[in-house]
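Just below is one structure, and these are the notes that go with it.
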Amino acid sequence: MKIKIQIKNRWTGSIIFEYESESNTVKESLVEAVKHGAYLQGAYLQGAYLQGADLQGADLQGADLQGAYLQGAYLQGADLQGAYLQGAYLQGAYLQGAYLRGVKIKTAMVFTGLYDYVVIPYITEENEKRIKMGCYDRSLKEWEGNFWNNESEFPNNDSFKSNQRLFAFETAKNWILLTEKYQQNEEAKVSNPGYPS
């Protein structure tokens, strides 16, 4: 049976892309949209099952991906600037070369379950160290200079919730430091073959 699926804009409800095929799924329709170069900015994809989807180069700026299942999705070169990712499952998603805040990612990790929001520490192609926690995307230096930037939701009051947020930040920071150390060791091995492993 042929199934027609429409991908709509989250703000206007207008149809961005439409695809029909036998046993169609949102994942199949989205992959076809990307293949056809559809402009997916603001796409409503809340809760979509997109495991392993090839979304290379997709323009998903401002897309609603809340609760979407993106495990193992291939997002190289995808533009995720302003995308709503709360509750999205991104474990194993390939983010190298994707764009957040308009900067290209060299390497990234996605943490879920550490606190209320998705945590994405990443290093840009320009070697800037950044952490996205919920809707806040800041440099590591900015986070360290003013961690308690959200007093209304996460006050610095030693509550469980505030300590969870601090734990999430420390985990992200440690991932960045570990990754940076590993990359420096790899670069040293390349430039100096006698460098110890």
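Chain lettering (A, B, ...) mirrors the order of the structure tokens, residue numbering begins at 1 for each chain separately, and ligand numbering begins at 1 in order of display.
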
Can you build me a table of region 49-89 of chain A residues sitting at most 12 Å from region 17-33 of chain A, with the closest atom pair per residue and its distance in Å to one decimal, using only C-alpha atoms, sorted by chain and residue number, as a tab-separated table?
```
residue	atom	partner	partner_atom	distance
A:Tyr49	CA	A:Lys27	CA	6.4
A:Leu50	CA	A:Lys27	CA	5.1
A:Gln51	CA	A:Lys27	CA	8.0
A:Gly52	CA	A:Lys27	CA	9.1
A:Ala53	CA	A:Lys27	CA	6.6
A:Asp54	CA	A:Val31	CA	6.3
A:Leu55	CA	A:Val31	CA	6.3
A:Gln56	CA	A:Val31	CA	9.2
A:Gly57	CA	A:Val31	CA	10.9
A:Ala58	CA	A:Ala33	CA	8.7
A:Asp59	CA	A:Ala33	CA	10.3
A:Leu60	CA	A:Leu30	CA	10.8
A:Ala68	CA	A:Lys27	CA	10.6
A:Tyr69	CA	A:Lys27	CA	10.1
A:Leu70	CA	A:Lys27	CA	9.9
A:Ala73	CA	A:Lys27	CA	10.4
A:Tyr74	CA	A:Val31	CA	10.7
A:Leu75	CA	A:Val31	CA	11.3
```

Return as JSON lines the residues of region 58-87 of chain A lying at most 6 Å from region 93-108 of chain A, together with the closest atom-to-atom pair for each and the distance in Å to one decimal, counting only C-alpha atoms, with rows in chain order and ascending residue number.
```
{"residue": "A:Gln71", "atom": "CA", "partner": "A:Ala93", "partner_atom": "CA", "distance": 5.3}
{"residue": "A:Gly72", "atom": "CA", "partner": "A:Ala93", "partner_atom": "CA", "distance": 4.2}
{"residue": "A:Ala73", "atom": "CA", "partner": "A:Ala93", "partner_atom": "CA", "distance": 4.7}
{"residue": "A:Tyr74", "atom": "CA", "partner": "A:Tyr94", "partner_atom": "CA", "distance": 4.9}
{"residue": "A:Leu75", "atom": "CA", "partner": "A:Leu95", "partner_atom": "CA", "distance": 5.2}
{"residue": "A:Gln76", "atom": "CA", "partner": "A:Gly97", "partner_atom": "CA", "distance": 4.8}
{"residue": "A:Gly77", "atom": "CA", "partner": "A:Ala98", "partner_atom": "CA", "distance": 4.1}
{"residue": "A:Ala78", "atom": "CA", "partner": "A:Ala98", "partner_atom": "CA", "distance": 4.6}
{"residue": "A:Asp79", "atom": "CA", "partner": "A:Tyr99", "partner_atom": "CA", "distance": 4.6}
{"residue": "A:Leu80", "atom": "CA", "partner": "A:Leu100", "partner_atom": "CA", "distance": 5.4}
{"residue": "A:Gln81", "atom": "CA", "partner": "A:Leu100", "partner_atom": "CA", "distance": 4.6}
```

Take the selection from the previous step and output its residues with N, CA, C and O atoms, as a PDB file, in the first residue's frame.
```pdb
ATOM      1  N   GLN A  71      19.834   7.846  16.504  1.00  0.00           N
ATOM      2  CA  GLN A  71      21.000   7.008  16.764  1.00  0.00           C
ATOM      3  C   GLN A  71      21.628   6.580  15.448  1.00  0.00           C
ATOM      4  O   GLN A  71      20.959   6.083  14.549  1.00  0.00           O
ATOM      5  N   GLY A  72      22.933   6.823  15.342  1.00  0.00           N
ATOM      6  CA  GLY A  72      23.674   6.411  14.164  1.00  0.00           C
ATOM      7  C   GLY A  72      23.372   7.201  12.904  1.00  0.00           C
ATOM      8  O   GLY A  72      23.841   6.841  11.826  1.00  0.00           O
ATOM      9  N   ALA A  73      22.612   8.270  13.021  1.00  0.00           N
ATOM     10  CA  ALA A  73      22.304   9.085  11.836  1.00  0.00           C
ATOM     11  C   ALA A  73      23.580   9.745  11.316  1.00  0.00           C
ATOM     12  O   ALA A  73      24.461  10.117  12.089  1.00  0.00           O
ATOM     13  N   TYR A  74      23.671   9.872  10.021  1.00  0.00           N
ATOM     14  CA  TYR A  74      24.839  10.473   9.372  1.00  0.00           C
ATOM     15  C   TYR A  74      24.508  11.922   9.056  1.00  0.00           C
ATOM     16  O   TYR A  74      23.733  12.217   8.150  1.00  0.00           O
ATOM     17  N   LEU A  75      25.072  12.834   9.848  1.00  0.00           N
ATOM     18  CA  LEU A  75      24.740  14.254   9.762  1.00  0.00           C
ATOM     19  C   LEU A  75      25.909  15.112   9.304  1.00  0.00           C
ATOM     20  O   LEU A  75      25.919  16.319   9.530  1.00  0.00           O
ATOM     21  N   GLN A  76      26.901  14.510   8.643  1.00  0.00           N
ATOM     22  CA  GLN A  76      28.049  15.287   8.196  1.00  0.00           C
ATOM     23  C   GLN A  76      27.588  16.407   7.270  1.00  0.00           C
ATOM     24  O   GLN A  76      26.826  16.196   6.333  1.00  0.00           O
ATOM     25  N   GLY A  77      28.014  17.618   7.593  1.00  0.00           N
ATOM     26  CA  GLY A  77      27.680  18.773   6.779  1.00  0.00           C
ATOM     27  C   GLY A  77      26.266  19.292   6.973  1.00  0.00           C
ATOM     28  O   GLY A  77      25.874  20.271   6.357  1.00  0.00           O
ATOM     29  N   ALA A  78      25.483  18.642   7.832  1.00  0.00           N
ATOM     30  CA  ALA A  78      24.115  19.110   8.089  1.00  0.00           C
ATOM     31  C   ALA A  78      24.164  20.411   8.893  1.00  0.00           C
ATOM     32  O   ALA A  78      25.041  20.604   9.723  1.00  0.00           O
ATOM     33  N   ASP A  79      23.214  21.286   8.626  1.00  0.00           N
ATOM     34  CA  ASP A  79      23.136  22.546   9.359  1.00  0.00           C
ATOM     35  C   ASP A  79      22.064  22.406  10.430  1.00  0.00           C
ATOM     36  O   ASP A  79      20.874  22.359  10.131  1.00  0.00           O
ATOM     37  N   LEU A  80      22.505  22.311  11.683  1.00  0.00           N
ATOM     38  CA  LEU A  80      21.609  22.140  12.819  1.00  0.00           C
ATOM     39  C   LEU A  80      21.483  23.421  13.637  1.00  0.00           C
ATOM     40  O   LEU A  80      21.009  23.398  14.770  1.00  0.00           O
ATOM     41  N   GLN A  81      21.904  24.526  13.072  1.00  0.00           N
ATOM     42  CA  GLN A  81      21.853  25.791  13.795  1.00  0.00           C
ATOM     43  C   GLN A  81      20.412  26.097  14.200  1.00  0.00           C
ATOM     44  O   GLN A  81      19.512  26.121  13.375  1.00  0.00           O
TER      45      GLN A  81
END
```

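Closest approach to Asn146 (chain A) from the set A:Leu166, A:Ile123, A:Ile16, A:Leu90 is made by A:Leu166, with distances taken over only C-alpha atoms.
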
Discussion item. Using DSSP assignments from the backbone, pull out every residue in chain A that falls under strand (DSSP E) and give it to me as a VMD selection string.
Written reply: chain A and resid 2 to 8 15 to 22 99 to 100 103 to 108 119 to 124 129 to 133 136 to 139

N, CA and C atoms of the current selection, written as a tab-separated table (two decimals), in the first residue's frame:
```
chain	number	residue	atom	x	y	z
A	2	LYS	N	0.58	2.16	-0.87
A	2	LYS	CA	1.35	3.40	-0.93
A	2	LYS	C	0.92	4.33	0.20
A	3	ILE	N	1.94	4.95	0.81
A	3	ILE	CA	1.71	5.89	1.91
A	3	ILE	C	2.36	7.21	1.54
A	4	LYS	N	1.59	8.30	1.64
A	4	LYS	CA	2.11	9.63	1.37
A	4	LYS	C	2.41	10.31	2.71
A	5	ILE	N	3.63	10.82	2.82
A	5	ILE	CA	4.03	11.54	4.04
A	5	ILE	C	4.44	12.95	3.64
A	6	GLN	N	3.95	13.91	4.41
A	6	GLN	CA	4.29	15.31	4.19
A	6	GLN	C	5.16	15.80	5.34
A	7	ILE	N	6.24	16.46	5.01
A	7	ILE	CA	7.08	17.13	6.01
A	7	ILE	C	6.66	18.59	5.98
A	8	LYS	N	6.25	19.07	7.15
A	8	LYS	CA	5.71	20.43	7.22
A	8	LYS	C	6.62	21.36	8.02
A	15	ILE	N	3.62	22.77	3.62
A	15	ILE	CA	4.31	21.54	3.22
A	15	ILE	C	5.68	21.90	2.64
A	16	ILE	N	6.73	21.31	3.22
A	16	ILE	CA	8.10	21.52	2.74
A	16	ILE	C	8.44	20.48	1.68
A	17	PHE	N	8.04	19.23	1.96
A	17	PHE	CA	8.35	18.13	1.05
A	17	PHE	C	7.29	17.05	1.24
A	18	GLU	N	6.99	16.37	0.15
A	18	GLU	CA	5.98	15.32	0.16
A	18	GLU	C	6.53	14.13	-0.61
A	19	TYR	N	6.34	12.94	-0.06
A	19	TYR	CA	6.87	11.74	-0.72
A	19	TYR	C	5.89	10.59	-0.52
A	20	GLU	N	5.72	9.79	-1.56
A	20	GLU	CA	4.82	8.65	-1.50
A	20	GLU	C	5.53	7.41	-2.00
A	21	SER	N	5.42	6.32	-1.24
A	21	SER	CA	5.99	5.04	-1.67
A	21	SER	C	5.32	3.92	-0.89
A	22	GLU	N	5.62	2.70	-1.31
A	22	GLU	CA	5.12	1.53	-0.58
A	22	GLU	C	5.74	1.51	0.82
A	99	TYR	N	27.04	21.61	11.23
A	99	TYR	CA	27.13	23.00	11.68
A	99	TYR	C	26.20	23.24	12.86
A	100	LEU	N	26.74	23.82	13.93
A	100	LEU	CA	25.98	24.33	15.06
A	100	LEU	C	26.41	25.78	15.20
A	103	VAL	N	29.10	27.32	12.90
A	103	VAL	CA	30.50	26.89	12.86
A	103	VAL	C	30.55	25.40	12.52
A	104	LYS	N	31.59	25.01	11.82
A	104	LYS	CA	31.75	23.63	11.39
A	104	LYS	C	32.39	22.80	12.50
A	105	ILE	N	31.79	21.66	12.77
A	105	ILE	CA	32.28	20.77	13.83
A	105	ILE	C	33.40	19.87	13.30
A	106	LYS	N	34.50	19.84	14.04
A	106	LYS	CA	35.58	18.90	13.73
A	106	LYS	C	35.29	17.57	14.42
A	107	THR	N	34.91	17.63	15.69
A	107	THR	CA	34.56	16.43	16.44
A	107	THR	C	33.56	16.81	17.53
A	108	ALA	N	32.69	15.87	17.85
A	108	ALA	CA	31.65	16.14	18.83
A	108	ALA	C	31.23	14.85	19.52
A	119	VAL	N	23.37	17.43	25.95
A	119	VAL	CA	24.65	18.11	26.13
A	119	VAL	C	25.55	17.69	24.96
A	120	ILE	N	26.07	18.69	24.23
A	120	ILE	CA	26.93	18.40	23.08
A	120	ILE	C	28.23	19.20	23.22
A	121	PRO	N	29.28	18.56	23.73
A	121	PRO	CA	30.59	19.22	23.67
A	121	PRO	C	31.16	19.00	22.27
A	122	TYR	N	31.78	20.05	21.72
A	122	TYR	CA	32.35	19.89	20.39
A	122	TYR	C	33.54	20.82	20.19
A	123	ILE	N	34.36	20.44	19.24
A	123	ILE	CA	35.53	21.24	18.86
A	123	ILE	C	35.31	21.61	17.40
A	124	THR	N	35.43	22.90	17.10
A	124	THR	CA	35.19	23.37	15.73
A	124	THR	C	36.43	23.13	14.87
A	129	LYS	N	36.77	25.31	21.45
A	129	LYS	CA	36.10	24.33	22.29
A	129	LYS	C	34.77	24.92	22.75
A	130	ARG	N	33.65	24.21	22.45
A	130	ARG	CA	32.32	24.72	22.75
A	130	ARG	C	31.47	23.63	23.41
A	131	ILE	N	30.48	24.07	24.17
A	131	ILE	CA	29.53	23.13	24.78
A	131	ILE	C	28.13	23.69	24.58
A	132	LYS	N	27.26	22.84	24.05
A	132	LYS	CA	25.84	23.17	23.93
A	132	LYS	C	25.11	22.40	25.02
A	133	MET	N	24.48	23.13	25.93
A	133	MET	CA	23.68	22.53	26.99
A	133	MET	C	22.28	23.14	26.89
A	136	TYR	N	21.61	26.78	25.40
A	136	TYR	CA	22.82	27.59	25.56
A	136	TYR	C	23.99	26.93	24.85
A	137	ASP	N	24.57	27.62	23.89
A	137	ASP	CA	25.73	27.14	23.14
A	137	ASP	C	26.81	28.19	23.32
A	138	ARG	N	27.85	27.83	24.11
A	138	ARG	CA	28.87	28.80	24.48
A	138	ARG	C	30.25	28.15	24.41
A	139	SER	N	31.28	29.00	24.35
A	139	SER	CA	32.65	28.47	24.38
A	139	SER	C	32.92	27.94	25.78
```

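Taking CA of Gly82 (chain A) as the reference point, CA of Thr12 (chain A) is found at 16.7 Å.
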
Item to complete: May I ask for the distance between CA of Lys141 (chain A) and CA of Trp175 (chain A), given in Å to one decimal place?
Response: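 Taking CA of Lys141 (chain A) as the start and CA of Trp175 (chain A) as the end point, the length is 14.9 Å.
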
Could you pull the residues within 7 Å of Ala83 (chain A), counting only C-alpha atoms, minus those fewer than 5 positions along the same chain, as a PDB file with N, CA and C atoms, in the first residue's frame?
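Ended up saving to part.pdb:
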```
ATOM      1  N   LEU A  60      18.754  21.699   8.253  1.00  0.00           N
ATOM      2  CA  LEU A  60      17.769  21.501   9.315  1.00  0.00           C
ATOM      3  C   LEU A  60      17.792  22.657  10.314  1.00  0.00           C
ATOM      4  N   GLN A  61      18.161  23.837   9.837  1.00  0.00           N
ATOM      5  CA  GLN A  61      18.162  25.014  10.706  1.00  0.00           C
ATOM      6  C   GLN A  61      16.776  25.194  11.298  1.00  0.00           C
ATOM      7  N   GLY A  62      16.722  25.339  12.618  1.00  0.00           N
ATOM      8  CA  GLY A  62      15.453  25.605  13.284  1.00  0.00           C
ATOM      9  C   GLY A  62      14.466  24.452  13.261  1.00  0.00           C
ATOM     10  N   ALA A  63      14.887  23.279  12.808  1.00  0.00           N
ATOM     11  CA  ALA A  63      13.978  22.130  12.765  1.00  0.00           C
ATOM     12  C   ALA A  63      13.607  21.692  14.178  1.00  0.00           C
ATOM     13  N   ASP A  64      12.397  21.176  14.337  1.00  0.00           N
ATOM     14  CA  ASP A  64      11.947  20.649  15.622  1.00  0.00           C
ATOM     15  C   ASP A  64      12.240  19.157  15.624  1.00  0.00           C
ATOM     16  N   LEU A  65      13.325  18.786  16.294  1.00  0.00           N
ATOM     17  CA  LEU A  65      13.733  17.384  16.400  1.00  0.00           C
ATOM     18  C   LEU A  65      13.555  16.873  17.827  1.00  0.00           C
TER      19      LEU A  65
END
```

Practice prompt. Run DSSP on the backbone of this structure and report the residues of region 9-144 of chain A it assigns to alpha helix (DSSP H), as a PyMOL selection string.
Written response: chain A and resi 26-35+140-144

Worksheet entry | Nearest residue to Lys161 (chain A) from the set A:Trp11, A:Ala43, A:Gly92, A:Tyr115 (distances using only C-alpha atoms) |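 Smallest separation from Lys161 (chain A) among the options: A:Tyr115.
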
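The coordinates place CA of Val110 (chain A) at 25.5 Å from CA of Lys35 (chain A).
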